Amino acid sequence: MKEAIEEIAHQLTRIADQGEQAGMQISRADALEAWGLRIYEEDFLNALTRLGIEVTD
């Protein structure tokens, strides 16, 4: 479980670093394709939104 949380933190940090540009968007399908931990899908998508990344359908 600790490893999964560390991986989530790492991925979110990478996304935040890349997403510092205003108005960044990613499709839900692309976000989930890049995310391997299906159990945390909604948490991952919510975190992207909190980082200011618009997740589109």
# chains A, B, ... in the order shown; residues from 1 in each chain; ligands from 1

$ residues_around --residues "range 23-30 of chain A" --least-positions-apart "3" --cutoff "12 Å" --atoms "only C-alpha atoms" --output "list of chain:residue names"
A:Ile15, A:Ala16, A:Asp17, A:Gln18, A:Gly19, A:Glu20, A:Glu33, A:Ala34, A:Trp35, A:Gly36, A:Glu41, A:Glu42, A:Phe44, A:Leu45, A:Asn46, A:Leu48, A:Thr49, A:Leu51, A:Gly52, A:Ile53, A:Glu54, A:Val55, A:Thr56, A:Asp57

$ select_by_dssp --residues "chain A" --states "strand (DSSP E or B)" --output "list in words"
Gln25, Ile26, Ser27, Glu54, Val55 and Thr56 of chain A

$ write_last_selection --atoms "C-alpha atoms" --output "JSON list (two decimals), in the first residue's frame"
[["chain", "number", "residue", "atom", "x", "y", "z"],
["A", 25, "GLN", "CA", -6.52, 19.74, -20.51],
["A", 26, "ILE", "CA", -6.39, 15.97, -20.72],
["A", 27, "SER", "CA", -9.06, 13.57, -21.84],
["A", 54, "GLU", "CA", -9.26, 19.98, -16.73],
["A", 55, "VAL", "CA", -10.27, 16.37, -17.36],
["A", 56, "THR", "CA", -12.56, 16.20, -20.37]]

$ atom_distance --atom1 "CA of Ala4 in chain A" --atom2 "CA of Leu37 in chain A"
8.0 Å

$ atom_distance --atom1 "CA of Ala47 in chain A" --atom2 "CA of Leu12 in chain A"
7.6 Å

$ select_by_dssp --residues "chain A" --states "helix (DSSP H, G or I)" --output "VMD selection string"
chain A and resid 2 to 18 28 to 33 38 to 50

$ residues_around --residues "Met1 in chain A" --least-positions-apart "5" --cutoff "12 Å" --atoms "only C-alpha atoms" --output "ChimeraX atom specification"
/A:6-8,37,39-40

$ decode --residues "range 17-55 of chain A" --atoms "N, CA and C atoms" --output "CSV table (one decimal), in the first residue's frame"
chain,number,residue,atom,x,y,z
A,17,ASP,N,4.2,19.3,-12.5
A,17,ASP,CA,5.3,19.9,-13.1
A,17,ASP,C,5.1,20.3,-14.5
A,18,GLN,N,4.5,19.4,-15.2
A,18,GLN,CA,4.2,19.6,-16.6
A,18,GLN,C,3.0,20.5,-16.8
A,19,GLY,N,2.1,20.5,-15.9
A,19,GLY,CA,0.8,21.2,-16.0
A,19,GLY,C,0.8,22.6,-15.5
A,20,GLU,N,1.9,23.2,-15.3
A,20,GLU,CA,2.0,24.5,-14.7
A,20,GLU,C,1.5,25.5,-15.8
A,21,GLN,N,1.4,25.1,-17.0
A,21,GLN,CA,0.8,26.0,-18.0
A,21,GLN,C,-0.7,26.1,-17.8
A,22,ALA,N,-1.1,27.4,-17.9
A,22,ALA,CA,-2.6,27.6,-17.7
A,22,ALA,C,-3.4,26.9,-18.7
A,23,GLY,N,-4.5,26.4,-18.3
A,23,GLY,CA,-5.5,25.9,-19.2
A,23,GLY,C,-5.2,24.5,-19.7
A,24,MET,N,-4.4,23.7,-19.0
A,24,MET,CA,-4.0,22.4,-19.4
A,24,MET,C,-5.2,21.5,-19.4
A,25,GLN,N,-5.4,20.7,-20.4
A,25,GLN,CA,-6.5,19.7,-20.5
A,25,GLN,C,-6.0,18.4,-20.8
A,26,ILE,N,-6.7,17.3,-20.4
A,26,ILE,CA,-6.4,16.0,-20.7
A,26,ILE,C,-7.7,15.2,-20.8
A,27,SER,N,-7.8,14.3,-21.7
A,27,SER,CA,-9.1,13.6,-21.8
A,27,SER,C,-9.1,12.5,-20.7
A,28,ARG,N,-10.2,12.1,-20.3
A,28,ARG,CA,-10.4,11.1,-19.3
A,28,ARG,C,-9.7,9.8,-19.8
A,29,ALA,N,-10.0,9.5,-21.0
A,29,ALA,CA,-9.4,8.2,-21.6
A,29,ALA,C,-7.9,8.3,-21.6
A,30,ASP,N,-7.3,9.4,-22.0
A,30,ASP,CA,-5.8,9.5,-22.0
A,30,ASP,C,-5.3,9.4,-20.5
A,31,ALA,N,-5.9,10.1,-19.6
A,31,ALA,CA,-5.5,10.1,-18.2
A,31,ALA,C,-5.5,8.6,-17.7
A,32,LEU,N,-6.6,7.9,-17.9
A,32,LEU,CA,-6.7,6.6,-17.4
A,32,LEU,C,-5.8,5.6,-18.1
A,33,GLU,N,-5.5,5.8,-19.4
A,33,GLU,CA,-4.6,5.0,-20.1
A,33,GLU,C,-3.2,5.1,-19.5
A,34,ALA,N,-2.9,6.2,-19.0
A,34,ALA,CA,-1.5,6.5,-18.5
A,34,ALA,C,-1.4,6.0,-17.0
A,35,TRP,N,-2.6,5.7,-16.4
A,35,TRP,CA,-2.6,5.4,-15.0
A,35,TRP,C,-2.9,3.9,-14.8
A,36,GLY,N,-2.0,3.2,-14.2
A,36,GLY,CA,-2.1,1.7,-14.1
A,36,GLY,C,-2.8,1.2,-12.9
A,37,LEU,N,-3.1,2.1,-11.9
A,37,LEU,CA,-3.7,1.6,-10.7
A,37,LEU,C,-5.3,1.8,-10.7
A,38,ARG,N,-5.9,0.9,-11.3
A,38,ARG,CA,-7.4,1.1,-11.6
A,38,ARG,C,-8.2,1.3,-10.3
A,39,ILE,N,-7.7,0.7,-9.2
A,39,ILE,CA,-8.5,0.9,-8.0
A,39,ILE,C,-8.6,2.3,-7.5
A,40,TYR,N,-7.6,3.2,-7.9
A,40,TYR,CA,-7.6,4.6,-7.5
A,40,TYR,C,-8.0,5.5,-8.6
A,41,GLU,N,-8.7,5.1,-9.7
A,41,GLU,CA,-9.0,5.9,-10.8
A,41,GLU,C,-9.7,7.2,-10.4
A,42,GLU,N,-10.7,7.2,-9.7
A,42,GLU,CA,-11.5,8.4,-9.3
A,42,GLU,C,-10.6,9.3,-8.5
A,43,ASP,N,-9.9,8.8,-7.5
A,43,ASP,CA,-9.0,9.6,-6.7
A,43,ASP,C,-7.9,10.3,-7.6
A,44,PHE,N,-7.4,9.6,-8.6
A,44,PHE,CA,-6.4,10.2,-9.5
A,44,PHE,C,-7.1,11.3,-10.3
A,45,LEU,N,-8.2,11.1,-10.9
A,45,LEU,CA,-8.9,12.1,-11.7
A,45,LEU,C,-9.2,13.3,-10.8
A,46,ASN,N,-9.7,13.1,-9.6
A,46,ASN,CA,-10.0,14.2,-8.7
A,46,ASN,C,-8.7,15.0,-8.4
A,47,ALA,N,-7.6,14.3,-8.2
A,47,ALA,CA,-6.3,15.0,-7.9
A,47,ALA,C,-5.9,15.9,-9.1
A,48,LEU,N,-6.1,15.3,-10.3
A,48,LEU,CA,-5.8,16.1,-11.5
A,48,LEU,C,-6.6,17.4,-11.5
A,49,THR,N,-7.8,17.3,-11.2
A,49,THR,CA,-8.7,18.5,-11.1
A,49,THR,C,-8.2,19.5,-10.1
A,50,ARG,N,-7.8,19.0,-8.9
A,50,ARG,CA,-7.4,19.9,-7.9
A,50,ARG,C,-6.1,20.6,-8.3
A,51,LEU,N,-5.3,19.9,-9.1
A,51,LEU,CA,-4.1,20.6,-9.6
A,51,LEU,C,-4.3,21.6,-10.7
A,52,GLY,N,-5.6,21.7,-11.1
A,52,GLY,CA,-5.9,22.7,-12.1
A,52,GLY,C,-5.9,22.2,-13.5
A,53,ILE,N,-5.9,20.9,-13.6
A,53,ILE,CA,-5.9,20.2,-15.0
A,53,ILE,C,-7.4,19.8,-15.3
A,54,GLU,N,-7.9,20.3,-16.4
A,54,GLU,CA,-9.3,20.0,-16.7
A,54,GLU,C,-9.3,18.6,-17.4
A,55,VAL,N,-10.1,17.7,-16.8
A,55,VAL,CA,-10.3,16.4,-17.4
A,55,VAL,C,-11.6,16.4,-18.2
